[in-house]
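K.L.:
Just final29.txt, nothing more (compact mmCIF, C-alpha atoms):
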# COMPACT_ATOMS: atom_id res chain seq x y z
CA MET A 1 -57.33 101.69 -217.76
CA LYS A 2 -54.66 103.59 -215.82
CA THR A 3 -56.68 103.24 -212.65
CA PHE A 4 -57.02 99.50 -213.13
CA LEU A 5 -53.29 99.18 -213.87
CA GLY A 6 -52.49 101.16 -210.77
CA PHE A 7 -54.68 98.88 -208.69
CA ILE A 8 -52.88 95.82 -210.07
CA LEU A 9 -49.47 97.30 -209.25
CA ILE A 10 -50.55 98.11 -205.70
CA PHE A 11 -52.00 94.61 -205.29
CA LEU A 12 -48.77 93.01 -206.50
CA PHE A 13 -46.71 95.22 -204.17
CA VAL A 14 -48.81 94.29 -201.13
CA LEU A 15 -48.72 90.63 -202.15
CA SER A 16 -44.94 90.70 -202.46
CA MET A 17 -44.69 92.24 -198.95
CA ASN A 18 -46.88 89.48 -197.49
CA ILE A 19 -44.89 86.77 -199.25
CA SER A 20 -41.65 88.32 -198.01
CA GLN A 21 -42.97 88.41 -194.42
CA LEU A 22 -44.17 84.82 -194.66
CA ALA A 23 -40.83 83.68 -196.02
CA ASN A 24 -39.03 85.38 -193.16
CA ALA A 25 -41.44 83.83 -190.67
CA GLU A 26 -40.86 80.32 -191.95
CA VAL A 27 -37.10 80.41 -191.38
CA TYR A 28 -37.35 80.77 -187.60
CA SER A 29 -36.92 77.41 -185.90
CA GLY A 30 -35.72 78.31 -182.43
CA ILE A 31 -32.41 80.05 -183.13
CA PRO A 32 -31.55 82.53 -181.74
CA ARG A 33 -33.10 81.41 -178.47
CA THR A 34 -35.66 83.74 -176.96
CA ILE A 35 -36.46 84.37 -173.31
CA ALA A 36 -39.45 82.01 -173.64
CA HIS A 37 -37.13 79.25 -174.91
CA ASP A 38 -34.97 79.85 -171.84
CA PHE A 39 -38.06 79.48 -169.65
CA LEU A 40 -38.85 76.14 -171.28
CA ASP A 41 -35.26 74.98 -170.80
CA LEU A 42 -35.53 75.72 -167.08
CA GLU A 43 -38.81 73.81 -166.94
CA LYS A 44 -37.46 70.63 -168.57
CA PRO A 45 -37.03 68.83 -165.20
CA LEU A 46 -40.72 69.54 -164.58
CA GLY A 47 -42.02 68.28 -167.92
CA ALA A 48 -41.26 70.79 -170.68
CA GLY A 49 -40.30 69.10 -173.95
CA ILE A 50 -39.61 69.58 -177.63
CA GLU A 51 -43.33 69.76 -178.45
CA HIS A 52 -43.66 72.91 -176.35
CA GLU A 53 -40.71 74.50 -178.10
CA LYS A 54 -42.16 73.68 -181.52
CA TYR A 55 -45.45 75.26 -180.57
CA LEU A 56 -43.63 78.35 -179.30
CA ASN A 57 -41.82 78.59 -182.66
CA LYS A 58 -45.18 78.31 -184.43
CA LEU A 59 -46.56 81.24 -182.44
CA ILE A 60 -43.52 83.37 -183.23
CA ASN A 61 -43.75 82.51 -186.94
CA LYS A 62 -47.44 83.35 -186.97
CA ALA A 63 -46.68 86.77 -185.50
CA ALA A 64 -43.79 87.31 -187.91
CA ALA A 65 -46.11 86.68 -190.86
CA ARG A 66 -48.47 89.45 -189.75
CA ILE A 67 -46.24 92.13 -188.25
CA THR A 68 -44.52 94.79 -190.31
CA VAL A 69 -41.26 95.67 -188.57
CA LYS A 70 -40.06 99.28 -188.65
CA LYS A 71 -37.01 101.22 -187.52
CA ASP A 72 -39.20 103.82 -185.86
CA TYR A 73 -42.80 103.62 -184.64
CA THR A 74 -45.60 106.04 -183.98
CA THR A 75 -47.84 105.40 -180.99
CA GLU A 76 -50.55 104.11 -183.30
CA GLU A 77 -48.11 101.72 -185.00
CA ALA A 78 -46.91 100.43 -181.64
CA ILE A 79 -50.49 99.76 -180.53
CA LYS A 80 -51.22 98.02 -183.82
CA THR A 81 -48.12 95.82 -183.46
CA MET A 82 -49.01 94.82 -179.91
CA SER A 83 -52.60 94.21 -180.93
CA VAL A 84 -51.47 91.70 -183.56
CA ILE A 85 -49.77 89.58 -180.87
CA TYR A 86 -52.78 89.96 -178.59
CA HIS A 87 -55.19 88.73 -181.26
CA ILE A 88 -52.95 85.84 -182.29
CA LEU A 89 -52.95 84.54 -178.73
CA LYS A 90 -56.73 84.99 -178.60
CA GLU A 91 -57.12 83.08 -181.86
CA GLU A 92 -55.01 80.27 -180.45
CA GLY A 93 -57.48 80.01 -177.58
CA PHE A 94 -55.33 81.37 -174.76
CA VAL A 95 -57.12 82.67 -171.69
CA PHE A 96 -55.80 84.25 -168.53
CA LYS A 97 -55.53 81.97 -165.52
CA SER A 98 -53.07 81.69 -162.68
CA ASN A 99 -50.40 79.33 -163.98
CA LEU A 100 -46.79 79.42 -162.83
CA LEU A 101 -45.14 77.42 -165.64
CA LEU A 102 -44.91 78.31 -169.32
CA TYR A 103 -45.03 74.77 -170.66
CA THR A 104 -48.26 73.87 -168.86
CA GLY A 105 -49.74 77.16 -170.06
CA LEU A 106 -48.89 76.28 -173.66
CA GLU A 107 -50.48 72.85 -173.19
CA ARG A 108 -53.67 74.00 -171.53
CA LYS A 109 -53.97 77.40 -173.24
CA THR A 110 -54.12 79.03 -169.81
CA ILE A 111 -51.37 81.54 -169.15
CA ASP A 112 -50.83 84.19 -166.54
CA CYS A 113 -49.29 87.64 -166.82
CA ASP A 114 -45.68 86.42 -166.57
CA THR A 115 -46.06 83.85 -169.34
CA TYR A 116 -48.10 86.27 -171.46
CA SER A 117 -45.23 88.74 -171.14
CA ALA A 118 -42.69 86.03 -171.99
CA LEU A 119 -44.52 85.29 -175.27
CA TYR A 120 -44.70 88.98 -176.20
CA THR A 121 -41.02 89.37 -175.41
CA ALA A 122 -40.09 86.25 -177.40
CA VAL A 123 -41.84 87.55 -180.52
CA SER A 124 -40.20 90.93 -180.02
CA GLU A 125 -36.73 89.44 -179.67
CA VAL A 126 -37.02 87.53 -182.94
CA LEU A 127 -38.50 90.48 -184.86
CA ARG A 128 -36.36 93.04 -183.04
CA ILE A 129 -39.32 95.03 -181.81
CA PRO A 130 -38.36 97.34 -178.89
CA VAL A 131 -40.44 95.59 -176.23
CA ILE A 132 -39.19 94.94 -172.69
CA PRO A 133 -40.93 93.17 -169.77
CA VAL A 134 -41.83 95.13 -166.65
CA TYR A 135 -42.63 93.85 -163.16
CA ALA A 136 -45.21 95.15 -160.69
CA PRO A 137 -46.55 93.55 -157.49
CA ASN A 138 -47.47 89.97 -158.47
CA HIS A 139 -47.87 91.11 -162.06
CA SER A 140 -45.92 91.43 -165.30
CA PHE A 141 -46.64 93.50 -168.39
CA VAL A 142 -44.57 94.75 -171.32
CA ARG A 143 -43.29 98.14 -172.39
CA PHE A 144 -42.89 99.37 -175.97
CA ASN A 145 -39.92 101.76 -176.12
CA PHE A 146 -39.80 104.57 -178.66
CA ASN A 147 -36.66 106.07 -180.18
CA ASN A 148 -37.26 109.40 -178.43
CA GLY A 149 -36.97 107.83 -174.98
CA THR A 150 -40.69 107.60 -174.21
CA TYR A 151 -42.63 104.37 -173.90
CA LEU A 152 -46.05 102.77 -173.94
CA ASN A 153 -47.09 100.23 -171.31
CA TRP A 154 -49.03 97.33 -172.79
CA GLU A 155 -51.27 95.08 -170.72
CA PRO A 156 -51.02 91.60 -172.34
CA ILE A 157 -54.08 90.25 -170.54
CA GLU A 158 -56.42 92.98 -171.76
CA GLY A 159 -54.81 94.12 -175.00
CA LYS A 160 -54.79 97.72 -173.77
CA HIS A 161 -52.22 100.33 -172.84
CA TYR A 162 -52.02 102.14 -169.50
CA PRO A 163 -49.77 104.81 -167.92
CA ASP A 164 -47.53 104.06 -164.95
CA ALA A 165 -50.02 105.87 -162.69
CA TYR A 166 -52.65 103.23 -163.46
CA TYR A 167 -50.44 100.46 -162.06
CA THR A 168 -49.32 102.54 -159.10
CA LYS A 169 -52.93 103.13 -158.04
CA LYS A 170 -54.47 99.77 -158.94
CA LEU A 171 -51.68 97.64 -157.46
CA LYS A 172 -51.06 99.99 -154.52
CA ILE A 173 -47.37 100.44 -155.19
CA ALA A 174 -45.49 102.35 -152.50
CA ASP A 175 -43.34 105.31 -153.58
CA GLN A 176 -40.29 103.74 -151.95
CA SER A 177 -40.74 100.58 -154.06
CA ILE A 178 -40.52 102.69 -157.22
CA LYS A 179 -37.59 104.75 -155.93
CA LEU A 180 -35.68 101.59 -154.99
CA GLY A 181 -36.22 100.14 -158.46
CA VAL A 182 -38.36 97.26 -157.20
CA TYR A 183 -41.35 97.92 -159.46
CA LEU A 184 -42.22 99.59 -162.76
CA LYS A 185 -38.67 99.44 -164.10
CA SER A 186 -37.90 97.82 -167.42
CA LEU A 187 -36.33 94.45 -166.71
CA SER A 188 -33.14 93.18 -168.25
CA ARG A 189 -33.16 89.70 -169.73
CA LYS A 190 -31.29 88.52 -166.63
CA GLU A 191 -33.86 90.03 -164.28
CA PHE A 192 -36.79 88.56 -166.20
CA THR A 193 -35.08 85.16 -166.02
CA GLY A 194 -35.13 85.74 -162.27
CA VAL A 195 -38.91 86.05 -162.49
CA GLU A 196 -39.01 82.57 -164.05
CA TYR A 197 -36.83 81.11 -161.28
CA ASN A 198 -39.21 82.66 -158.76
CA ASN A 199 -42.20 81.11 -160.55
CA ILE A 200 -40.63 77.65 -160.52
CA GLY A 201 -39.86 78.04 -156.83
CA ALA A 202 -43.45 79.10 -156.17
CA TYR A 203 -44.67 76.09 -158.15
CA LEU A 204 -42.55 73.78 -155.99
CA MET A 205 -44.04 75.38 -152.89
CA THR A 206 -47.54 74.51 -154.13
CA LYS A 207 -46.30 70.89 -154.14
CA LYS A 208 -44.97 71.40 -150.57
CA LYS A 209 -41.39 70.97 -151.81
CA PHE A 210 -40.16 73.83 -149.65
CA LYS A 211 -36.52 72.79 -149.36
CA GLU A 212 -36.23 72.27 -153.11
CA SER A 213 -37.80 75.66 -153.78
CA VAL A 214 -35.15 77.63 -151.87
CA SER A 215 -32.42 77.15 -154.50
CA TYR A 216 -34.73 78.64 -157.14
CA PHE A 217 -35.41 81.67 -154.98
CA ASP A 218 -31.66 81.98 -154.38
CA GLU A 219 -31.11 82.15 -158.14
CA ALA A 220 -34.01 84.56 -158.63
CA ILE A 221 -32.49 86.97 -156.11
CA LYS A 222 -29.03 86.58 -157.62
CA LEU A 223 -30.40 87.60 -161.03
CA TYR A 224 -32.84 90.23 -159.72
CA PRO A 225 -31.39 91.58 -156.43
CA LYS A 226 -34.38 93.79 -155.60
CA PHE A 227 -36.98 91.14 -156.31
CA SER A 228 -39.22 91.49 -153.27
CA SER A 229 -41.46 88.59 -154.27
CA ALA A 230 -38.50 86.19 -154.29
CA TYR A 231 -37.43 87.36 -150.83
CA HIS A 232 -41.00 86.93 -149.60
CA ASN A 233 -41.24 83.44 -151.10
CA ARG A 234 -37.85 82.37 -149.79
CA GLY A 235 -38.81 83.60 -146.33
CA THR A 236 -42.09 81.70 -146.54
CA ALA A 237 -40.26 78.53 -147.61
CA TYR A 238 -37.81 78.86 -144.72
CA TYR A 239 -40.68 79.37 -142.30
CA ALA A 240 -42.37 76.22 -143.61
CA VAL A 241 -39.29 74.16 -142.71
CA ASN A 242 -38.93 75.83 -139.30
CA LYS A 243 -35.89 77.95 -140.16
CA THR A 244 -37.40 80.93 -138.41
CA ASP A 245 -34.35 83.20 -138.28
CA GLN A 246 -33.71 82.87 -142.01
CA ALA A 247 -37.42 83.35 -142.63
CA PHE A 248 -37.50 86.57 -140.62
CA THR A 249 -34.43 88.01 -142.37
CA ASN A 250 -35.94 87.42 -145.81
CA LEU A 251 -39.43 88.59 -144.93
CA ASP A 252 -38.18 91.71 -143.19
CA TYR A 253 -36.12 92.64 -146.25
CA ALA A 254 -39.06 91.87 -148.54
CA ASN A 255 -41.14 94.22 -146.41
CA ASN A 256 -38.56 96.99 -146.79
CA LEU A 257 -38.67 96.58 -150.57
CA ASP A 258 -42.46 96.34 -150.69
CA PRO A 259 -44.30 97.47 -147.54
CA MET A 260 -47.67 97.00 -149.25
CA ARG A 261 -47.63 93.19 -149.45
CA SER A 262 -50.16 92.05 -146.85
CA THR A 263 -48.99 88.44 -146.75
CA THR A 264 -45.49 89.50 -145.75
CA HIS A 265 -46.89 91.37 -142.75
CA ASN A 266 -49.01 88.34 -141.86
CA THR A 267 -46.08 85.90 -141.84
CA LEU A 268 -43.95 88.35 -139.89
CA GLY A 269 -46.83 88.41 -137.43
CA ASP A 270 -46.68 84.62 -137.24
CA ILE A 271 -42.97 84.74 -136.43
CA TYR A 272 -43.45 87.37 -133.72
CA LEU A 273 -46.29 85.24 -132.34
CA ASP A 274 -43.99 82.22 -132.20
CA ARG A 275 -41.49 84.36 -130.31
CA LYS A 276 -44.26 85.48 -127.95
CA ASP A 277 -43.63 89.10 -128.91
CA TYR A 278 -47.34 89.83 -128.90
CA MET A 279 -47.15 93.60 -129.36
CA LYS A 280 -45.17 93.33 -132.60
CA ALA A 281 -47.29 90.39 -133.75
CA PHE A 282 -50.44 92.48 -133.20
CA ASP A 283 -49.01 95.35 -135.25
CA ARG A 284 -48.09 93.06 -138.17
CA TYR A 285 -51.50 91.36 -138.22
CA ALA A 286 -53.27 94.72 -138.01
CA GLU A 287 -51.23 96.04 -140.93
CA SER A 288 -51.98 92.91 -142.94
CA ILE A 289 -55.72 93.39 -142.40
CA LYS A 290 -55.45 97.05 -143.34
CA LEU A 291 -53.81 96.14 -146.65
CA ASP A 292 -56.06 93.15 -147.38
CA PRO A 293 -59.17 92.83 -145.19
CA LYS A 294 -60.33 89.79 -147.23
CA ASN A 295 -57.66 87.43 -145.89
CA TYR A 296 -58.86 85.43 -142.89
CA ALA A 297 -55.38 84.46 -141.59
CA PRO A 298 -54.40 87.65 -139.70
CA TYR A 299 -57.79 87.76 -137.95
CA TYR A 300 -57.08 84.26 -136.69
CA GLY A 301 -53.61 85.35 -135.59
CA LEU A 302 -55.15 88.16 -133.53
CA GLY A 303 -57.43 85.59 -131.94
CA ILE A 304 -54.40 83.53 -130.89
CA ILE A 305 -52.79 86.61 -129.36
CA MET A 306 -55.93 87.34 -127.33
CA GLN A 307 -56.18 83.71 -126.29
CA ASN A 308 -52.54 83.57 -125.17
CA THR A 309 -52.89 86.77 -123.17
CA GLY A 310 -55.98 85.58 -121.29
CA LYS A 311 -58.55 87.63 -123.20
CA SER A 312 -60.92 84.82 -124.12
CA LYS A 313 -63.87 87.04 -125.06
CA GLU A 314 -61.78 89.08 -127.51
CA ALA A 315 -60.21 85.85 -128.81
CA ASP A 316 -63.64 84.40 -129.63
CA GLU A 317 -64.57 87.59 -131.48
CA TRP A 318 -61.45 87.45 -133.67
CA PHE A 319 -61.88 83.72 -134.34
CA ARG A 320 -65.50 84.33 -135.34
CA LYS A 321 -64.44 87.18 -137.63
CA SER A 322 -61.79 84.94 -139.19
CA GLU A 323 -64.41 82.28 -139.97
CA GLU A 324 -66.77 84.87 -141.47
CA ILE A 325 -64.04 86.20 -143.77
CA LYS A 326 -63.07 82.66 -144.79
CA LYS A 327 -66.65 81.74 -145.67
CA VAL A 328 -67.16 84.86 -147.75
CA TYR A 329 -63.81 85.07 -149.54
CA GLY A 330 -62.39 81.56 -149.11
CA ASN A 331 -58.71 82.56 -149.09
If you convert what's in this file into structure tokens, what do you get?

P.N.:
Amino acid sequence: MKTFLGFILIFLFVLSMNISQLANAEVYSGIPRTIAHDFLDLEKPLGAGIEHEKYLNKLINKAAARITVKKDYTTEEAIKTMSVIYHILKEEGFVFKSNLLLYTGLERKTIDCDTYSALYTAVSEVLRIPVIPVYAPNHSFVRFNFNNGTYLNWEPIEGKHYPDAYYTKKLKIADQSIKLGVYLKSLSRKEFTGVEYNNIGAYLMTKKKFKESVSYFDEAIKLYPKFSSAYHNRGTAYYAVNKTDQAFTNLDYANNLDPMRSTTHNTLGDIYLDRKDYMKAFDRYAESIKLDPKNYAPYYGLGIIMQNTGKSKEADEWFRKSEEIKKVYGN
């Protein structure tokens, strides 16, 4: 009888906790605004609307109903908390796919690392979970901070945790990029907003709206001064509208912040080629190939150099190699 009574008391206690969590979850309706709400606000000129905000609120409430918030967490509790968010997004049907805008990701259930991280951060802001976004080369993830000053990196795409060394090796991050605070640092809210401005600018570039994109890259750099990707993108946009000097300045600085980005070397090679500085163009193309041998563009650039310097046989070889790479990898 005592055992049965004890079971009933435990059941009622657990039930009361779940009801309390659900009640708390139901009160959230978009205030205070989270970083993901800010993203949607910035995307309003592109199509974001109230329906996207309501769905975001629904996701946050769903997480709030399942997560037990604590003042201090063990590693196991942190993993469990992050896993809840991961599984909620899986249940909702989200899959990873390159997608620069949050609102289109919410519509299509296809989100990339930046928008995944924005959703994790939004839930964490509402529930006051110590989670901060982190940026790596062309990639975002989140970091769970413990009270003792240590942290756990969480990969939103995979639902797994990895040490800093994993990202350094996999993404080929240069030591100087870490020392300069370009990569693997916890981002402030302001800096992560800069990531969103960069994404919108990149989206506009896909629509060939290069002039319009520049103001977004300007804002991204203002908010995140060591944001190499924004410098790279702004340089690329300037190059597309034939502002070569501005392009070179941005791309050269991007290269100083992140010397491992192959596309920066390639576009610098294009600029040197335009200037007929063939030696420097050759070096940039060669470095681009070294960093990413699957990109056909620098091979083609080397072919142009050979052609312009009267080496037709070598030019044909590089052009042929460029076509082979393009057929195999298609980039």

K.L.:
Find the residues around segment 221-237 of chain A up to 7 Å (all atoms listed in the file counted), leave out those fewer than 3 positions away in its own chain, and share them as a PyMOL selection string.

P.N.:
chain A and resi 182+190-191+194+198+210+214+217-218+240-241+246-248+250-251+254+257-258+264

K.L.:
Generate a file of the selected residues that holds C-alpha atoms, formatted as an mmCIF file, in the coordinates of the input.

P.N.:
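After the write, result.cif holds the following:
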data_model
loop_
_atom_site.group_PDB
_atom_site.id
_atom_site.type_symbol
_atom_site.label_atom_id
_atom_site.label_comp_id
_atom_site.auth_asym_id
_atom_site.auth_seq_id
_atom_site.Cartn_x
_atom_site.Cartn_y
_atom_site.Cartn_z
ATOM 1 C CA VAL A 182 -38.360 97.260 -157.200
ATOM 2 C CA LYS A 190 -31.290 88.520 -166.630
ATOM 3 C CA GLU A 191 -33.860 90.030 -164.280
ATOM 4 C CA GLY A 194 -35.130 85.740 -162.270
ATOM 5 C CA ASN A 198 -39.210 82.660 -158.760
ATOM 6 C CA PHE A 210 -40.160 73.830 -149.650
ATOM 7 C CA VAL A 214 -35.150 77.630 -151.870
ATOM 8 C CA PHE A 217 -35.410 81.670 -154.980
ATOM 9 C CA ASP A 218 -31.660 81.980 -154.380
ATOM 10 C CA ALA A 240 -42.370 76.220 -143.610
ATOM 11 C CA VAL A 241 -39.290 74.160 -142.710
ATOM 12 C CA GLN A 246 -33.710 82.870 -142.010
ATOM 13 C CA ALA A 247 -37.420 83.350 -142.630
ATOM 14 C CA PHE A 248 -37.500 86.570 -140.620
ATOM 15 C CA ASN A 250 -35.940 87.420 -145.810
ATOM 16 C CA LEU A 251 -39.430 88.590 -144.930
ATOM 17 C CA ALA A 254 -39.060 91.870 -148.540
ATOM 18 C CA LEU A 257 -38.670 96.580 -150.570
ATOM 19 C CA ASP A 258 -42.460 96.340 -150.690
ATOM 20 C CA THR A 264 -45.490 89.500 -145.750
#

K.L.:
Measuring between only C-alpha atoms, which one of A:Val126, A:Lys70, A:Arg143, A:Tyr238 shows the shortest distance to Lys208 of chain A?

P.N.:
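Result for the nearest residue to Lys208 of chain A: A:Tyr238.
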
K.L.:
In Å to one decimal, how far is atom CA of Ala36 of chain A from atom CA of Val69 of chain A?

P.N.:
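Result for atom CA of Val69 of chain A versus atom CA of Ala36 of chain A: 20.3 Å, one decimal.
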
K.L.:
Just how far from atom CA of Asp252 of chain A is atom CA of Arg189 of chain A, in Å to one decimal?

P.N.:
27.1 Å

K.L.:
Name the residues in contact with segment 100-112 of chain A at a cut-off of 9 Å, using all atoms listed in the file, excluding same-chain residues fewer than 4 positions from it; report them as number ranges by chain.

P.N.:
A: 36, 39-40, 43-44, 47-49, 52-53, 55-56, 92-96, 116-118, 139-140, 157, 196, 199-200, 202-203

K.L.:
Nearest residue to Asp72 of chain A out of A:Tyr120, A:Tyr135, A:Phe144, A:Tyr296, using all atoms listed in the file?

P.N.:
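Closest candidate: A:Phe144.
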
K.L.:
Could you pull the residues within 9 Å of Pro32 of chain A, counting only C-alpha atoms, minus those fewer than 3 positions along the same chain, as an mmCIF file with C-alpha atoms, in the coordinates of the input?

P.N.:
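Wrote selection.cif, looks like this:
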data_model
loop_
_atom_site.group_PDB
_atom_site.id
_atom_site.type_symbol
_atom_site.label_atom_id
_atom_site.label_comp_id
_atom_site.auth_asym_id
_atom_site.auth_seq_id
_atom_site.Cartn_x
_atom_site.Cartn_y
_atom_site.Cartn_z
ATOM 1 C CA TYR A 28 -37.350 80.770 -187.600
ATOM 2 C CA SER A 29 -36.920 77.410 -185.900
ATOM 3 C CA GLU A 125 -36.730 89.440 -179.670
ATOM 4 C CA VAL A 126 -37.020 87.530 -182.940
#

K.L.:
From the list A:Gln176, A:Thr81, A:Ser213, A:Ser262, which residue is nearest Lys160 of chain A when using only C-alpha atoms?

P.N.:
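Going through A:Gln176, A:Thr81, A:Ser213, A:Ser262 one by one, the smallest distance to Lys160 of chain A is for A:Thr81.
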
K.L.:
Considering only C-alpha atoms, state which residue in the set A:Asp316, A:Glu91, A:Asp38, A:Asp274 is at the smallest distance from Tyr239 of chain A.

P.N.:
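Of the candidates, the smallest distance to Tyr239 of chain A is held by A:Asp274.
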
K.L.:
Which distance in Å separates atom CA of Val123 of chain A and atom CA of Ala63 of chain A, to one decimal?

P.N.:
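The value is 7.0 Å.
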
K.L.:
Give, as JSON, the centre coordinates and the x, y and z edge lengths in Å to one decimal for an axis-aligned box around all listed atoms of segment 93-98 of chain A, padded by 8 Å on each side.

P.N.:
{"center_x": -55.3, "center_y": 82.1, "center_z": -170.1, "size_x": 20.4, "size_y": 20.2, "size_z": 30.9}

K.L.:
For Gln307 of chain A, list every protein, DNA or RNA residue within 12 Å, evaluated using all atoms listed in the file, and leave out those in the same chain fewer than 4 positions away; present the list as a PyMOL selection string.

P.N.:
chain A and resi 273+278+300-303+311-319

K.L.:
Keeping only C-alpha atoms, write the selected residues as an mmCIF file, in the frame of the given file.

P.N.:
data_model
loop_
_atom_site.group_PDB
_atom_site.id
_atom_site.type_symbol
_atom_site.label_atom_id
_atom_site.label_comp_id
_atom_site.auth_asym_id
_atom_site.auth_seq_id
_atom_site.Cartn_x
_atom_site.Cartn_y
_atom_site.Cartn_z
ATOM 1 C CA LEU A 273 -46.290 85.240 -132.340
ATOM 2 C CA TYR A 278 -47.340 89.830 -128.900
ATOM 3 C CA TYR A 300 -57.080 84.260 -136.690
ATOM 4 C CA GLY A 301 -53.610 85.350 -135.590
ATOM 5 C CA LEU A 302 -55.150 88.160 -133.530
ATOM 6 C CA GLY A 303 -57.430 85.590 -131.940
ATOM 7 C CA LYS A 311 -58.550 87.630 -123.200
ATOM 8 C CA SER A 312 -60.920 84.820 -124.120
ATOM 9 C CA LYS A 313 -63.870 87.040 -125.060
ATOM 10 C CA GLU A 314 -61.780 89.080 -127.510
ATOM 11 C CA ALA A 315 -60.210 85.850 -128.810
ATOM 12 C CA ASP A 316 -63.640 84.400 -129.630
ATOM 13 C CA GLU A 317 -64.570 87.590 -131.480
ATOM 14 C CA TRP A 318 -61.450 87.450 -133.670
ATOM 15 C CA PHE A 319 -61.880 83.720 -134.340
#

K.L.:
From the set A:Lys276, A:Lys294, A:His37, A:Lys97, which residue has the shortest atom-to-atom contact distance to Ile50 of chain A, counting only C-alpha atoms?

P.N.:
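The shortest atom-to-atom distance to Ile50 of chain A comes from A:His37.
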
K.L.:
Using all atoms listed in the file, which of the listed residues (A:Ile31, A:Ala286, A:Ile132, A:Leu171) sits closest to Phe192 of chain A?

P.N.:
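Checking each of A:Ile31, A:Ala286, A:Ile132, A:Leu171 against Phe192 of chain A, counting all atoms listed in the file, the winner is A:Ile132.
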
K.L.:
Near Ile173 of chain A, within 10 Å and counting all atoms listed in the file, which residues show up once chain neighbours fewer than 4 positions away are dropped, as JSON, numbers by chain?

P.N.:
{"A": [136, 137, 165, 167, 168, 169, 177, 178, 182, 183, 184, 258, 259, 260, 261]}
